[in-house]
Structures are given as structure tokens and as C-alpha cells.
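Next up, upload.txt (compact mmCIF, N, CA and C atoms):
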```txt
# COMPACT_ATOMS: atom_id res chain seq x y z
N MET A 1 0.84 -1.17 0.00
CA MET A 1 0.00 0.00 0.00
C MET A 1 0.89 1.24 0.00
N ILE A 2 0.62 2.14 -0.90
CA ILE A 2 1.39 3.36 -1.00
C ILE A 2 0.89 4.36 0.03
N ARG A 3 1.80 4.94 0.77
CA ARG A 3 1.44 6.01 1.70
C ARG A 3 1.55 7.31 0.94
N TRP A 4 0.40 7.90 0.63
CA TRP A 4 0.36 9.09 -0.20
C TRP A 4 0.74 10.32 0.59
N THR A 5 1.65 11.08 0.04
CA THR A 5 2.02 12.37 0.59
C THR A 5 1.63 13.43 -0.43
N VAL A 6 1.74 14.67 -0.05
CA VAL A 6 1.37 15.76 -0.96
C VAL A 6 2.25 15.76 -2.22
N PRO A 7 3.58 15.61 -2.11
CA PRO A 7 4.38 15.57 -3.35
C PRO A 7 4.04 14.37 -4.24
N LYS A 8 3.76 13.22 -3.64
CA LYS A 8 3.40 12.05 -4.44
C LYS A 8 2.06 12.26 -5.14
N ALA A 9 1.12 12.87 -4.47
CA ALA A 9 -0.18 13.16 -5.08
C ALA A 9 -0.02 14.17 -6.21
N THR A 10 0.85 15.16 -6.01
CA THR A 10 1.11 16.14 -7.06
C THR A 10 1.75 15.47 -8.27
N LEU A 11 2.70 14.59 -8.03
CA LEU A 11 3.34 13.87 -9.14
C LEU A 11 2.34 12.97 -9.87
N ALA A 12 1.43 12.37 -9.14
CA ALA A 12 0.40 11.55 -9.79
C ALA A 12 -0.47 12.41 -10.70
N GLY A 13 -0.85 13.59 -10.25
CA GLY A 13 -1.63 14.50 -11.07
C GLY A 13 -0.87 14.97 -12.30
N VAL A 14 0.40 15.30 -12.12
CA VAL A 14 1.23 15.72 -13.25
C VAL A 14 1.40 14.55 -14.23
N GLY A 15 1.52 13.35 -13.70
CA GLY A 15 1.61 12.17 -14.55
C GLY A 15 0.37 11.98 -15.41
N VAL A 16 -0.79 12.26 -14.84
CA VAL A 16 -2.03 12.20 -15.62
C VAL A 16 -2.00 13.25 -16.71
N PHE A 17 -1.49 14.44 -16.41
CA PHE A 17 -1.36 15.48 -17.43
C PHE A 17 -0.45 15.04 -18.56
N VAL A 18 0.71 14.51 -18.22
CA VAL A 18 1.67 14.08 -19.24
C VAL A 18 1.05 12.99 -20.11
N LEU A 19 0.41 12.02 -19.48
CA LEU A 19 -0.23 10.95 -20.24
C LEU A 19 -1.32 11.51 -21.15
N GLY A 20 -2.12 12.43 -20.65
CA GLY A 20 -3.16 13.05 -21.47
C GLY A 20 -2.59 13.81 -22.65
N GLN A 21 -1.51 14.55 -22.43
CA GLN A 21 -0.89 15.31 -23.52
C GLN A 21 -0.31 14.37 -24.58
N LEU A 22 0.33 13.30 -24.13
CA LEU A 22 0.90 12.35 -25.09
C LEU A 22 -0.18 11.63 -25.89
N LEU A 23 -1.25 11.25 -25.21
CA LEU A 23 -2.36 10.62 -25.92
C LEU A 23 -3.02 11.59 -26.89
N TYR A 24 -3.10 12.85 -26.50
CA TYR A 24 -3.69 13.86 -27.38
C TYR A 24 -2.88 13.99 -28.66
N LEU A 25 -1.54 13.99 -28.53
CA LEU A 25 -0.69 14.09 -29.71
C LEU A 25 -0.72 12.81 -30.54
N ALA A 26 -0.75 11.67 -29.87
CA ALA A 26 -0.71 10.39 -30.59
C ALA A 26 -2.00 10.13 -31.36
N PHE A 27 -3.13 10.54 -30.81
CA PHE A 27 -4.41 10.27 -31.44
C PHE A 27 -5.07 11.55 -31.95
N SER A 28 -4.27 12.43 -32.51
CA SER A 28 -4.80 13.72 -32.93
C SER A 28 -5.76 13.61 -34.12
N HIS A 29 -5.77 12.49 -34.81
CA HIS A 29 -6.68 12.34 -35.96
C HIS A 29 -8.03 11.75 -35.57
N TYR A 30 -8.22 11.37 -34.31
CA TYR A 30 -9.52 10.89 -33.82
C TYR A 30 -10.19 12.01 -33.04
N GLU A 31 -11.18 12.62 -33.65
CA GLU A 31 -11.80 13.81 -33.06
C GLU A 31 -12.49 13.52 -31.73
N LEU A 32 -13.19 12.40 -31.63
CA LEU A 32 -13.91 12.09 -30.39
C LEU A 32 -12.94 11.89 -29.23
N LEU A 33 -11.86 11.17 -29.47
CA LEU A 33 -10.88 10.95 -28.40
C LEU A 33 -10.21 12.27 -28.01
N ARG A 34 -9.96 13.13 -28.97
CA ARG A 34 -9.38 14.44 -28.65
C ARG A 34 -10.32 15.24 -27.77
N MET A 35 -11.61 15.17 -28.06
CA MET A 35 -12.58 15.90 -27.24
C MET A 35 -12.61 15.36 -25.80
N VAL A 36 -12.50 14.04 -25.66
CA VAL A 36 -12.47 13.44 -24.32
C VAL A 36 -11.19 13.86 -23.58
N LEU A 37 -10.08 13.88 -24.29
CA LEU A 37 -8.80 14.22 -23.66
C LEU A 37 -8.71 15.70 -23.28
N LEU A 38 -9.61 16.52 -23.78
CA LEU A 38 -9.62 17.92 -23.34
C LEU A 38 -10.03 18.04 -21.87
N GLY A 39 -10.61 16.99 -21.32
CA GLY A 39 -10.98 16.97 -19.90
C GLY A 39 -9.85 16.52 -18.99
N THR A 40 -8.66 16.31 -19.55
CA THR A 40 -7.51 15.87 -18.75
C THR A 40 -7.22 16.77 -17.55
N PRO A 41 -7.34 18.10 -17.66
CA PRO A 41 -7.07 18.94 -16.47
C PRO A 41 -7.97 18.60 -15.29
N GLY A 42 -9.22 18.35 -15.55
CA GLY A 42 -10.15 18.00 -14.47
C GLY A 42 -9.81 16.65 -13.86
N PHE A 43 -9.44 15.69 -14.70
CA PHE A 43 -9.09 14.38 -14.19
C PHE A 43 -7.79 14.42 -13.40
N ALA A 44 -6.82 15.20 -13.86
CA ALA A 44 -5.56 15.34 -13.12
C ALA A 44 -5.79 15.98 -11.76
N ALA A 45 -6.64 17.00 -11.71
CA ALA A 45 -6.95 17.64 -10.43
C ALA A 45 -7.72 16.68 -9.53
N PHE A 46 -8.60 15.88 -10.10
CA PHE A 46 -9.34 14.88 -9.32
C PHE A 46 -8.38 13.89 -8.68
N VAL A 47 -7.46 13.34 -9.47
CA VAL A 47 -6.50 12.35 -8.96
C VAL A 47 -5.64 12.97 -7.86
N ALA A 48 -5.14 14.16 -8.09
CA ALA A 48 -4.27 14.81 -7.10
C ALA A 48 -5.03 15.10 -5.81
N ALA A 49 -6.24 15.63 -5.92
CA ALA A 49 -7.02 15.96 -4.72
C ALA A 49 -7.47 14.70 -3.99
N TYR A 50 -7.81 13.68 -4.73
CA TYR A 50 -8.27 12.44 -4.12
C TYR A 50 -7.14 11.75 -3.34
N LEU A 51 -5.93 11.78 -3.88
CA LEU A 51 -4.81 11.07 -3.26
C LEU A 51 -4.09 11.88 -2.18
N ALA A 52 -4.23 13.18 -2.21
CA ALA A 52 -3.51 14.02 -1.23
C ALA A 52 -4.07 13.79 0.17
N PRO A 53 -3.19 13.60 1.16
CA PRO A 53 -3.67 13.38 2.52
C PRO A 53 -4.16 14.66 3.20
N ARG A 54 -3.69 15.81 2.76
CA ARG A 54 -4.12 17.10 3.32
C ARG A 54 -3.97 18.13 2.21
N TRP A 55 -4.53 19.30 2.43
CA TRP A 55 -4.50 20.39 1.44
C TRP A 55 -5.05 19.94 0.09
N LYS A 56 -6.13 19.19 0.12
CA LYS A 56 -6.67 18.59 -1.09
C LYS A 56 -7.00 19.61 -2.17
N MET A 57 -7.65 20.71 -1.79
CA MET A 57 -8.03 21.72 -2.78
C MET A 57 -6.80 22.43 -3.34
N VAL A 58 -5.82 22.69 -2.50
CA VAL A 58 -4.61 23.37 -2.96
C VAL A 58 -3.85 22.49 -3.95
N VAL A 59 -3.71 21.21 -3.61
CA VAL A 59 -3.01 20.28 -4.49
C VAL A 59 -3.76 20.13 -5.81
N GLY A 60 -5.07 19.99 -5.73
CA GLY A 60 -5.86 19.86 -6.96
C GLY A 60 -5.80 21.10 -7.83
N MET A 61 -5.93 22.26 -7.21
CA MET A 61 -5.90 23.50 -7.98
C MET A 61 -4.52 23.81 -8.54
N SER A 62 -3.48 23.28 -7.91
CA SER A 62 -2.13 23.51 -8.44
C SER A 62 -1.94 22.82 -9.79
N MET A 63 -2.80 21.88 -10.11
CA MET A 63 -2.71 21.22 -11.41
C MET A 63 -2.95 22.20 -12.55
N ALA A 64 -3.68 23.27 -12.29
CA ALA A 64 -3.90 24.29 -13.33
C ALA A 64 -2.58 24.95 -13.72
N ILE A 65 -1.75 25.23 -12.74
CA ILE A 65 -0.45 25.85 -13.03
C ILE A 65 0.46 24.88 -13.77
N TYR A 66 0.55 23.65 -13.24
CA TYR A 66 1.39 22.65 -13.91
C TYR A 66 0.88 22.38 -15.32
N GLY A 67 -0.41 22.33 -15.49
CA GLY A 67 -0.99 22.06 -16.80
C GLY A 67 -0.72 23.17 -17.80
N ALA A 68 -0.81 24.42 -17.35
CA ALA A 68 -0.55 25.55 -18.25
C ALA A 68 0.90 25.54 -18.73
N VAL A 69 1.81 25.29 -17.81
CA VAL A 69 3.23 25.23 -18.18
C VAL A 69 3.49 24.04 -19.10
N LEU A 70 2.94 22.89 -18.75
CA LEU A 70 3.14 21.70 -19.57
C LEU A 70 2.50 21.86 -20.95
N GLY A 71 1.32 22.48 -21.00
CA GLY A 71 0.66 22.72 -22.28
C GLY A 71 1.48 23.62 -23.19
N GLU A 72 2.06 24.66 -22.60
CA GLU A 72 2.89 25.56 -23.40
C GLU A 72 4.15 24.84 -23.88
N LEU A 73 4.76 24.04 -23.02
CA LEU A 73 5.94 23.28 -23.44
C LEU A 73 5.61 22.28 -24.54
N MET A 74 4.47 21.62 -24.43
CA MET A 74 4.07 20.66 -25.46
C MET A 74 3.79 21.36 -26.78
N ALA A 75 3.19 22.54 -26.73
CA ALA A 75 2.93 23.29 -27.96
C ALA A 75 4.24 23.71 -28.62
N ARG A 76 5.19 24.17 -27.81
CA ARG A 76 6.50 24.56 -28.36
C ARG A 76 7.21 23.36 -28.96
N GLY A 77 7.15 22.21 -28.29
CA GLY A 77 7.76 21.00 -28.83
C GLY A 77 7.09 20.52 -30.10
N TYR A 78 5.77 20.60 -30.13
CA TYR A 78 5.01 20.19 -31.32
C TYR A 78 5.37 21.09 -32.50
N GLU A 79 5.51 22.37 -32.24
CA GLU A 79 5.88 23.30 -33.30
C GLU A 79 7.32 23.06 -33.75
N TYR A 80 8.20 22.74 -32.83
CA TYR A 80 9.60 22.49 -33.16
C TYR A 80 9.74 21.29 -34.10
N PHE A 81 8.89 20.27 -33.90
CA PHE A 81 8.97 19.08 -34.74
C PHE A 81 8.10 19.17 -35.99
N GLY A 82 7.67 20.39 -36.36
CA GLY A 82 7.00 20.58 -37.63
C GLY A 82 5.49 20.69 -37.59
N GLY A 83 4.88 20.58 -36.43
CA GLY A 83 3.43 20.70 -36.33
C GLY A 83 2.99 22.16 -36.39
N HIS A 84 1.76 22.37 -36.79
CA HIS A 84 1.23 23.73 -36.87
C HIS A 84 0.58 24.10 -35.53
N VAL A 85 0.99 25.23 -34.99
CA VAL A 85 0.44 25.73 -33.74
C VAL A 85 -0.08 27.14 -33.99
N ASP A 86 -1.34 27.38 -33.65
CA ASP A 86 -1.90 28.73 -33.76
C ASP A 86 -1.45 29.54 -32.55
N HIS A 87 -0.78 30.63 -32.80
CA HIS A 87 -0.32 31.49 -31.72
C HIS A 87 -1.41 32.51 -31.40
N ILE A 88 -1.84 32.52 -30.15
CA ILE A 88 -2.90 33.41 -29.72
C ILE A 88 -2.35 34.81 -29.49
N GLY A 89 -1.23 34.87 -28.91
CA GLY A 89 -0.56 36.13 -28.58
C GLY A 89 0.88 35.75 -28.31
N GLY A 90 1.42 36.31 -27.30
CA GLY A 90 2.76 35.92 -26.90
C GLY A 90 2.72 34.79 -25.89
N LEU A 91 3.82 34.56 -25.28
CA LEU A 91 3.93 33.50 -24.27
C LEU A 91 3.02 33.77 -23.08
N VAL A 92 2.98 35.01 -22.61
CA VAL A 92 2.18 35.36 -21.44
C VAL A 92 0.69 35.21 -21.73
N ALA A 93 0.25 35.66 -22.91
CA ALA A 93 -1.16 35.56 -23.27
C ALA A 93 -1.59 34.09 -23.35
N THR A 94 -0.76 33.26 -23.94
CA THR A 94 -1.09 31.83 -24.05
C THR A 94 -1.14 31.19 -22.68
N LEU A 95 -0.19 31.51 -21.82
CA LEU A 95 -0.19 30.95 -20.47
C LEU A 95 -1.42 31.38 -19.68
N LEU A 96 -1.84 32.63 -19.83
CA LEU A 96 -3.03 33.11 -19.12
C LEU A 96 -4.30 32.41 -19.61
N ILE A 97 -4.40 32.20 -20.91
CA ILE A 97 -5.57 31.50 -21.45
C ILE A 97 -5.58 30.05 -20.99
N LEU A 98 -4.42 29.39 -21.05
CA LEU A 98 -4.35 28.00 -20.57
C LEU A 98 -4.63 27.92 -19.08
N LEU A 99 -4.14 28.90 -18.32
CA LEU A 99 -4.38 28.91 -16.88
C LEU A 99 -5.87 29.06 -16.57
N ALA A 100 -6.55 29.91 -17.31
CA ALA A 100 -8.00 30.07 -17.09
C ALA A 100 -8.74 28.79 -17.47
N TYR A 101 -8.40 28.18 -18.59
CA TYR A 101 -9.05 26.95 -19.04
C TYR A 101 -8.80 25.81 -18.03
N TYR A 102 -7.53 25.61 -17.68
CA TYR A 102 -7.20 24.54 -16.75
C TYR A 102 -7.73 24.83 -15.35
N GLY A 103 -7.78 26.10 -14.99
CA GLY A 103 -8.32 26.46 -13.69
C GLY A 103 -9.79 26.10 -13.55
N ALA A 104 -10.56 26.32 -14.61
CA ALA A 104 -11.99 25.97 -14.57
C ALA A 104 -12.18 24.46 -14.39
N PHE A 105 -11.42 23.68 -15.12
CA PHE A 105 -11.52 22.23 -14.99
C PHE A 105 -10.97 21.74 -13.66
N SER A 106 -9.93 22.42 -13.16
CA SER A 106 -9.32 22.00 -11.90
C SER A 106 -10.24 22.24 -10.71
N VAL A 107 -11.07 23.27 -10.77
CA VAL A 107 -12.03 23.51 -9.69
C VAL A 107 -12.98 22.33 -9.58
N VAL A 108 -13.53 21.92 -10.71
CA VAL A 108 -14.47 20.79 -10.71
C VAL A 108 -13.79 19.49 -10.26
N GLY A 109 -12.61 19.22 -10.80
CA GLY A 109 -11.89 18.01 -10.42
C GLY A 109 -11.46 18.00 -8.97
N SER A 110 -11.01 19.15 -8.45
CA SER A 110 -10.56 19.24 -7.06
C SER A 110 -11.72 19.04 -6.09
N VAL A 111 -12.83 19.70 -6.36
CA VAL A 111 -13.99 19.57 -5.48
C VAL A 111 -14.49 18.13 -5.47
N THR A 112 -14.56 17.52 -6.65
CA THR A 112 -15.02 16.13 -6.75
C THR A 112 -14.07 15.18 -6.04
N GLY A 113 -12.77 15.34 -6.26
CA GLY A 113 -11.78 14.47 -5.62
C GLY A 113 -11.77 14.62 -4.11
N ALA A 114 -11.83 15.85 -3.63
CA ALA A 114 -11.83 16.08 -2.18
C ALA A 114 -13.10 15.52 -1.54
N PHE A 115 -14.24 15.74 -2.19
CA PHE A 115 -15.51 15.24 -1.65
C PHE A 115 -15.53 13.71 -1.61
N LEU A 116 -15.13 13.08 -2.69
CA LEU A 116 -15.17 11.61 -2.72
C LEU A 116 -14.16 10.98 -1.78
N SER A 117 -12.99 11.58 -1.63
CA SER A 117 -12.01 10.99 -0.72
C SER A 117 -12.48 11.09 0.72
N ARG A 118 -13.09 12.21 1.07
CA ARG A 118 -13.60 12.35 2.44
C ARG A 118 -14.79 11.44 2.67
N ARG A 119 -15.64 11.33 1.67
CA ARG A 119 -16.82 10.48 1.81
C ARG A 119 -16.44 9.01 1.94
N LEU A 120 -15.50 8.57 1.11
CA LEU A 120 -15.08 7.17 1.17
C LEU A 120 -14.28 6.87 2.42
N SER A 121 -13.49 7.84 2.89
CA SER A 121 -12.71 7.60 4.10
C SER A 121 -13.62 7.54 5.33
N THR A 122 -14.70 8.31 5.35
CA THR A 122 -15.63 8.24 6.49
C THR A 122 -16.40 6.93 6.46
N LYS A 123 -16.72 6.44 5.28
CA LYS A 123 -17.40 5.16 5.20
C LYS A 123 -16.49 4.04 5.69
N SER A 124 -15.22 4.07 5.28
CA SER A 124 -14.31 3.01 5.71
C SER A 124 -14.03 3.11 7.21
N LYS A 125 -13.97 4.31 7.75
CA LYS A 125 -13.77 4.46 9.20
C LYS A 125 -14.98 3.93 9.95
N GLY A 126 -16.17 4.14 9.40
CA GLY A 126 -17.37 3.62 10.03
C GLY A 126 -17.40 2.11 10.03
N GLU A 127 -16.90 1.50 8.95
CA GLU A 127 -16.85 0.04 8.89
C GLU A 127 -15.84 -0.51 9.89
N ILE A 128 -14.70 0.19 10.04
CA ILE A 128 -13.69 -0.26 10.99
C ILE A 128 -14.23 -0.17 12.41
N LYS A 129 -14.92 0.92 12.74
CA LYS A 129 -15.46 1.08 14.08
C LYS A 129 -16.49 0.01 14.40
N SER A 130 -17.23 -0.44 13.39
CA SER A 130 -18.28 -1.43 13.65
C SER A 130 -17.71 -2.81 13.97
N THR A 131 -16.46 -3.07 13.61
CA THR A 131 -15.87 -4.37 13.90
C THR A 131 -15.06 -4.36 15.19
N ARG A 132 -15.02 -3.24 15.90
CA ARG A 132 -14.26 -3.15 17.14
C ARG A 132 -15.20 -2.76 18.29
N ILE A 133 -14.99 -3.39 19.41
CA ILE A 133 -15.74 -3.04 20.62
C ILE A 133 -14.71 -2.74 21.70
N ASN A 134 -14.71 -1.52 22.18
CA ASN A 134 -13.77 -1.07 23.21
C ASN A 134 -12.33 -1.34 22.81
N GLY A 135 -12.00 -1.13 21.52
CA GLY A 135 -10.65 -1.30 21.05
C GLY A 135 -10.25 -2.74 20.78
N VAL A 136 -11.13 -3.69 21.01
CA VAL A 136 -10.82 -5.11 20.79
C VAL A 136 -11.53 -5.55 19.53
N SER A 137 -10.82 -6.21 18.65
CA SER A 137 -11.42 -6.67 17.40
C SER A 137 -12.39 -7.82 17.67
N VAL A 138 -13.57 -7.76 17.05
CA VAL A 138 -14.60 -8.78 17.25
C VAL A 138 -14.46 -9.91 16.22
N ASP A 139 -13.70 -9.68 15.18
CA ASP A 139 -13.57 -10.67 14.07
C ASP A 139 -13.07 -11.99 14.53
```

So, in terms of C-alpha cells, how does the structure I just supplied come out?
Amino acid sequence: MIRWTVPKATLAGVGVFVLGQLLYLAFSHYELLRMVLLGTPGFAAFVAAYLAPRWKMVVGMSMAIYGAVLGELMARGYEYFGGHVDHIGGLVATLLILLAYYGAFSVVGSVTGAFLSRRLSTKSKGEIKSTRINGVSVD
């Protein structure tokens, strides 16, 4: 069993982002899959918030920052290898737009991840309490 810490939960969320970006590039000719992969920021925030032992909303919302930076790096790499990238403005304008987009998805993912982790942990604690009487296991 992995003991989740805040850095490990953050890395798990960033890993979801990287996987989503790579899948987006690999399957760029499948429109439906590309549309599904646009939800990667929300899923990354969900994973990070769900796995974080504390500061769930902060860890989940931090995925917006990591995602904006990673998105800009992926766009620069895609352009470097010959792909066409539409430039919205400069670097700052693109980062702000990505931050707003990822921030909106991260709010939903963070709230969902934090809610479900607390809900499931209270259910499991209730089950554990029901099998113990005065600290002695009844099993």
C-alpha cells in the first residue's frame, strides 16, 4: 500500500497530465478521443485531490499551473517538430488563457476528488469502528 504524501499526489496529477498530452498528440486524428482528452485537467486535479492526505483543494488546484506550463511546453515541442500551432498572442497571453481553461476544470476536479475521498474515508472508518468493541477486534 502506497502512503500518499502531498508531493506524491502532485506527481500523480502531473503524470495524468503528461499521459493526457501524449495521448492527445498520438491520437490527434480521432476527433472524439481528442474531445475526451480535453478533460484531462479535471481528471488530473481529481487524482491529485483524491490522493492528497491534506490540502486537497490546494493540491488539486495547483494542477492548473502545472498544466498551463506543460501545455505551453508541449505546444512549443510540437511546433519544433513541424506541427502547426496557432499562436494566440505571446507567451504570457497563451499561459493566461491556458491557466484560465485549466483552472476551470481544476475547480471541478478538485472539489469532486476532495468530496469523494472524504466520503469514502468516512465510510471506511465507520466500517472499521463497527468491527471493534472497546478497542478489541470482534472478528

For this session: Go ahead and compute the interatomic distance for atom CA of A:Val14 and atom C of A:Glu31, in Å to one decimal.
Result: 23.1 Å

For this session: Please indicate the distance in Å from atom C of A:Val69 to atom C of A:Gly15, rounded to one decimal place.
Result: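 Atom-to-atom, atom C of A:Val69 and atom C of A:Gly15 are spaced 13.0 Å apart.
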
Problem set entry | Which residue of A:Val47, A:Thr10, A:Tyr78, A:Thr94 approaches A:Ala26 most closely, using only C-alpha atoms |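 For A:Ala26, the nearest of the candidates is A:Tyr78.
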
Exercise. Out of A:Gly67, A:Leu32, A:Leu22, A:Gly60, which residue has the shortest atom-to-atom distance to A:Ala114 when counting all atoms listed in the file?
Worked result: A:Gly60

Problem set entry | Nearby residues (only C-alpha atoms) at most 12 Å from A:Met63, same-chain spacing under 3 positions excluded, as a ChimeraX atom specification | /A:9-18,40-49,56-60,66-71,98-110

Problem set entry | DSSP alpha helix (DSSP H) residues within stretch 11-131 of chain A, as a ChimeraX atom specification | /A:11-26,31-37,40-51,56-80,91-130

For this session: Could you jot down the atom CA of A:Met74 to atom CA of A:Lys8 separation for me, Å, one decimal place?
Result: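 Computing it gives 22.7 Å between the two atoms.
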
Exercise. Of the candidates A:Leu95, A:Leu51, A:Met61, A:Val111, which shows the shortest atom-to-atom distance to A:Thr5, using only C-alpha atoms?
Worked result: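 So, comparing all the options, the nearest one is A:Leu51.
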